[in-house]
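Here's the structure, in structure tokens; my notes come after.
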Protein chains: 2
Amino acid sequence: MKYSKLFPKTLKQVPTGVESINHQLLVRAGFIHQEMAGVYTYLPLGWKVIEKISNIVREEMNKIGGQEMLMPVLHPGENWKKTGRFQNFDVLFKLKGAGDKDLVLGPTHEEIIYPLLAEYIKSYKDLPLYLYQIQTKFRNEPRAKAGVLRTREFIMKDLYSFHVNDEDRNEYYKLAREAYIKILRRLEITALVTKASGGTFSDLSEEFQVITPSGEDTIFVCEDCQMAINKEIAQEKCPECGGKLKEEKAIEVGNIFPLKPAYAEAFDLSFVSETGKKKLVSAGCYGLGVSRVMGAIVEVFHDDKGIIWPESVAPFKVHIVGLDGEGDKVYKLLLAEGVEVLFDDRVDVSAGVKFADADLIGVPYRVVVSKKTKDQLEVKKRNEKETKFVTLEELLEVINPI
Amino acid sequence: MKYSKLFPKTLKQVPTGVESINHQLLVRAGFIHQEMAGVYTYLPLGWKVIEKISNIVREEMNKIGGQEMLMPVLHPGENWKKTGRFQNFDVLFKLKGAGDKDLVLGPTHEEIIYPLLAEYIKSYKDLPLYLYQIQTKFRNEPRAKAGVLRTREFIMKDLYSFHVNDEDRNEYYKLAREAYIKILRRLEITALVTKASGGTFSDLSEEFQVITPSGEDTIFVCEDCQMAINKEIAQEKCPECGGKLKEEKAIEVGNIFPLKPAYAEAFDLSFVSETGKKKLVSAGCYGLGVSRVMGAIVEVFHDDKGIIWPESVAPFKVHIVGLDGEGDKVYKLLLAEGVEVLFDDRVDVSAGVKFADADLIGVPYRVVVSKKTKDQLEVKKRNEKETKFVTLEELLEVINPI
């Protein structure tokens with residue numbers, strides 16, 4: 001992509017009233033645009049990041065047998081009345097449809113997937129099932145804040161697993177937990193598996209927390225064994241080893257937990273067992289905030305000049321800074337090699353502006369092409385200080401190390 | 001994918017109260033599930049089709065310079081008040097957000113993209129721009145009907161182009177028109193480019209109409225030159241050649257049209273021209289109903305046994321019917337060749353049920369593997385009657401003809 005064609009260009013000014021780092025940097029670098037409090041457009045650069053995160057999540061969900069589908073945004077209000085959450089879910093967006101029917105904008109999809117499955121599940125032979133979606137969710141947050149960390153409209157992956165009994169569910173829970181650890185490793189962010197409320201009497205119910213000063217959650221981490229516990233259930237000492245707990249701020253990017261039997265009861269999600277008995281389906285829920293992950297990555301990976309994207313989710317791999325009208329040849333050669341390249345081909349801005357924009361946008365490899373250095377390309381990693389001069393052939397080795 | 005694991009299995013019964021063919025077949029074959037009138041879940045098979053349609057659309061949009069992004073579902077009501085559409089758009093979903101703010105669920109995105117661009121576009125150098133999204137849209141239809149053809153929640157691609165003047169917009173309009181023709185060719189559906197209201201005084205404003213008896217639109221097609229005109233603007237004779245017009249029922253799968261200057265005025269979307277004058281931006285809009293295309297394809301391609309998917313959007317390319325416990329070897333070999341395969345590995349259903357399910361689901365190639373025929377595989381195209389026996393090597397040639 002030529003930067004001259006990319007929409008939009010970077011902004012010099014920090015937007016007014018914007019406090020959090022992810023919000024400032026994502027807006028200034030042209031990844032997102034705020035439409036109102038807690039509601040954003042993902043601009044072309046931001047959408048590329050969201051798609052890369054989604055694809056990593058998708059691959060790992062498929063590996064543990066997940067089948068992707070898409071449930072709707074609009075939910076019948078009656079389903080939410082059945083579970084009691086039409087009144088009790090405090091940030092529920094409600095509206096009226098044709099015929100004065102109560103509707104809800106889905107913040108989560110138990111109220112859709114349970115009655116849906118109840119139409120298909122008859123026998124133990126129909127189980128287990130692992131179904132997921134990557135869908136836009138809604139919460140009528142009174143105080144949306146912190147950029148894409150706490151929004152009214154956000155993108156989430158939610159996986160639901162259904163089983164003949166709790167033992168089978170608990171085994172799958174471990175698989176899902178491993179998949180989450182793999183996803184976070186591929187996203188290159190360190191998240192602590194944190195025991196959460198509901199998890200006091202079992203190993204189930206855990207959050208994936210990214211430690212960063214801007215986090216809204218408070219967790220306690222054992223200084224000895226590194227076990228992490230959510231503040232809600234933390235005590236004075238580590239329940240595992242008795243070690244001292246240290247308070248940390250963190251962003252919750254995922255949570256996994258067993259679903260209460262109340263949902264299966266509300267929608268009569270049951271099956272006939274091998275011995276001919278009617279039994280309730282056992283289920284688990286595994287959520288991951290796709291758009292929130294983008295914000296968390298920026299909170300963790302940035303410096304005073306801009307974002308430092310991990311390679312796995314960067315919108316491009318290489319950012320060519322073309323000086324003196326140079327760069328087109330290198331751009332075309334990298335494209336031919338299948339490398340994702342952003343080429344700053346602008347002729348009406350200074351080298352200084354181009355370098356500042358490259359640092360702000362945060363693509364992993366910056367390559368400077370100029371008349372001065374002739375066939376030597378100056379390459380620098382965004383997260384390193386050192387620059388080196390390489391030939392085009394060497395460049396390919398640098399950006400694709402074996 | 002093994003059919004034994006796929007969610008859900010086919011249904012024997014036509015759901016009650018379901019009249020349209022696409023609705024009947026997509027529900028029975030397990031592609032969609034209705035949550036309420038006009039609101040559907042895309043089940044794993046249906047989601048695969050939606051993704052294939054989306055990817056074809058995406059590729060052709062990228063080829064004409066389109067940059068993909070994602071605008072929100074929630075719109076500020078004030079934007080819709082600025083264009084007068086908060087009151088005048090008759091199927092608008094309205095709701096209240098925190099602080100009693102008026103919100104709208106987007107049925108189209110002019111009210112977002114115009115003010116968004118107004119913040120970035122300053123000079124003629126910032127134009128032209130081609131931005132698109134594939135997003136869920138909402139219409140509070142009083143009578144949702146005809147399966148995924150007329151829904152309250154649907155998936156659309158909308159491209160918006162922005163230009164320094166109408167001439168440049170009109171040139172791009174032609175490019176977009178060509179892209180639509182390519183998309184529809186790749187989707188293997190025949191759509192007539194149909195002059196629509198607003199297009200009487202120019203060649204602009206056209207609909208892409210798929211002729212089928214179940215269509216809700218009425219168009220007139222010239223028996224001589226095949227020119228098509230929407231009923232709203234049709235006269236007695238063909239305006240091109242004077243030929244006789246024939247009335248047809250059709251489904252509108254896309255429409256392309258210039259946007260009125262009123263939008264640019266409402267949001268002051270203007271730029272400074274080369275001669276230093278302030279001018280309004282000229283724009284076009286290019287819509288394509290992704291979920292509606294799925295319904296239109298089923299309306300056109302089916303027989304009394306089920307759906308007949310075109311290869312480009314079929315959820316799988318090959319459907320292996322395994323009899324006598326056979327099929328696993330062929331399944332694994334096809335997977336290793338990168339072929340998308342659905343393998344009916346069920347041991348507890350009859351051959352007859354498996355054949356009926358294969359016809360209902362409508363995958364392009366059916367391959368029967370049984371003990372009886374040994375190394376010979378029986379292959380049949382879903383849209384042909386003839387079966388032939390081939391070796392595994394020959395099968396690869398049959399399904400991947402050069």
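Residue numbering restarts at 1 for every chain of the structure tokens, chains are lettered A, B, ... in their displayed order, and ligands are numbered from 1 as they appear.
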Can you list, as a ChimeraX atom specification, all residues belonging to segment 2-58 of chain A that DSSP tags as strand (DSSP E)?
/A:32-36,39-42
Residues within 12 Å of Asp224 of chain A, please, as number ranges by chain. Count only C-alpha atoms; anything in the same chain fewer than 6 positions from it doesn't count.
A: 237-246
Non-local contacts of Val367 of chain B (9 Å; only C-alpha atoms; under 6 positions in same chain excluded) as a list in words:
Val318, His319, Ile320, Val321, Gly322, Leu377, Glu378, Val379, Lys380, Lys381 and Leu395 of chain B
Grab the residues selected above and save them as a PDB file, in the first residue's frame with C-alpha atoms.
ATOM      1  CA  VAL B 318     -16.725 -32.506  -2.425  1.00  0.00           C
ATOM      2  CA  HIS B 319     -19.278 -34.449  -0.387  1.00  0.00           C
ATOM      3  CA  ILE B 320     -18.076 -37.980   0.329  1.00  0.00           C
ATOM      4  CA  VAL B 321     -20.865 -40.446   1.026  1.00  0.00           C
ATOM      5  CA  GLY B 322     -19.192 -43.220   2.976  1.00  0.00           C
ATOM      6  CA  LEU B 377     -15.215 -44.168  -6.692  1.00  0.00           C
ATOM      7  CA  GLU B 378     -18.632 -43.153  -7.962  1.00  0.00           C
ATOM      8  CA  VAL B 379     -18.570 -39.441  -8.730  1.00  0.00           C
ATOM      9  CA  LYS B 380     -21.532 -37.285  -9.701  1.00  0.00           C
ATOM     10  CA  LYS B 381     -21.966 -33.554 -10.122  1.00  0.00           C
ATOM     11  CA  LEU B 395     -11.082 -38.028  -9.186  1.00  0.00           C
TER      12      LEU B 395
END
Backbone-only DSSP, helix (DSSP H, G or I) members of segment 129-276 of chain B, as JSON, numbers by chain
{"B": [166, 167, 168, 169, 170, 171, 172, 173, 174, 175, 176, 177, 178, 179, 180, 181, 182, 183, 184, 185, 186, 231, 232, 233, 261, 262, 263, 264, 265, 266]}
Report as a PyMOL selection string the set of chain B residues whose atoms approach chain A to within 7 Å, with distances computed over only C-alpha atoms.
chain B and resi 8+36+39-44+47+67-72+76+95+97-98+120+140-142
Just the residues within 8 Å of Val293 of chain B, please, counting only C-alpha atoms, with nothing from its chain fewer than 3 positions along; format it as a ChimeraX atom specification.
/B:53,253,289-290,296-297
What does the file look like for those residues with N, CA and C atoms, as a CSV table (one decimal), in the first residue's frame?
chain,number,residue,atom,x,y,z
B,53,ILE,N,-18.8,-15.6,-0.3
B,53,ILE,CA,-19.4,-14.4,-1.0
B,53,ILE,C,-18.6,-13.2,-0.6
B,253,VAL,N,-30.0,-7.5,-6.0
B,253,VAL,CA,-28.8,-7.9,-5.2
B,253,VAL,C,-27.8,-6.8,-5.0
B,289,GLY,N,-25.9,-6.7,-1.4
B,289,GLY,CA,-26.5,-7.5,-0.3
B,289,GLY,C,-25.9,-8.9,-0.2
B,290,VAL,N,-24.9,-9.0,0.7
B,290,VAL,CA,-24.2,-10.3,0.8
B,290,VAL,C,-25.1,-11.4,1.3
B,296,ALA,N,-30.7,-15.4,-3.0
B,296,ALA,CA,-30.9,-15.3,-4.4
B,296,ALA,C,-30.4,-16.5,-5.1
B,297,ILE,N,-29.2,-16.9,-4.7
B,297,ILE,CA,-28.5,-18.1,-5.3
B,297,ILE,C,-29.4,-19.4,-5.1
10 Å contact set for Gln235 of chain A, only C-alpha atoms, chain neighbours under 5 positions out, as a PDB file with N, CA and C atoms, in the first residue's frame:
ATOM      1  N   PHE A 220      -4.035  -9.630  42.159  1.00  0.00           N
ATOM      2  CA  PHE A 220      -2.915  -9.862  43.067  1.00  0.00           C
ATOM      3  C   PHE A 220      -2.078 -11.004  42.525  1.00  0.00           C
ATOM      4  N   ILE A 229      -4.586 -13.787  41.155  1.00  0.00           N
ATOM      5  CA  ILE A 229      -5.947 -13.899  41.689  1.00  0.00           C
ATOM      6  C   ILE A 229      -6.642 -12.557  41.515  1.00  0.00           C
ATOM      7  N   ASN A 230      -7.889 -12.579  41.102  1.00  0.00           N
ATOM      8  CA  ASN A 230      -8.637 -11.337  40.989  1.00  0.00           C
ATOM      9  C   ASN A 230      -8.878 -10.764  42.382  1.00  0.00           C
ATOM     10  N   LEU A 245       1.413 -11.481  48.321  1.00  0.00           N
ATOM     11  CA  LEU A 245       0.725 -11.045  47.101  1.00  0.00           C
ATOM     12  C   LEU A 245       1.054  -9.591  46.796  1.00  0.00           C
TER      13      LEU A 245
END
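Among the candidates B:Val193, B:Val398, B:Ile183, B:Val313, the one nearest to Met294 of chain B when counting only C-alpha atoms is B:Val313.
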10 Å contact set for Thr275 of chain A, only C-alpha atoms, chain neighbours under 3 positions out, as a list in words
Tyr124, Val272 and Lys278 of chain A
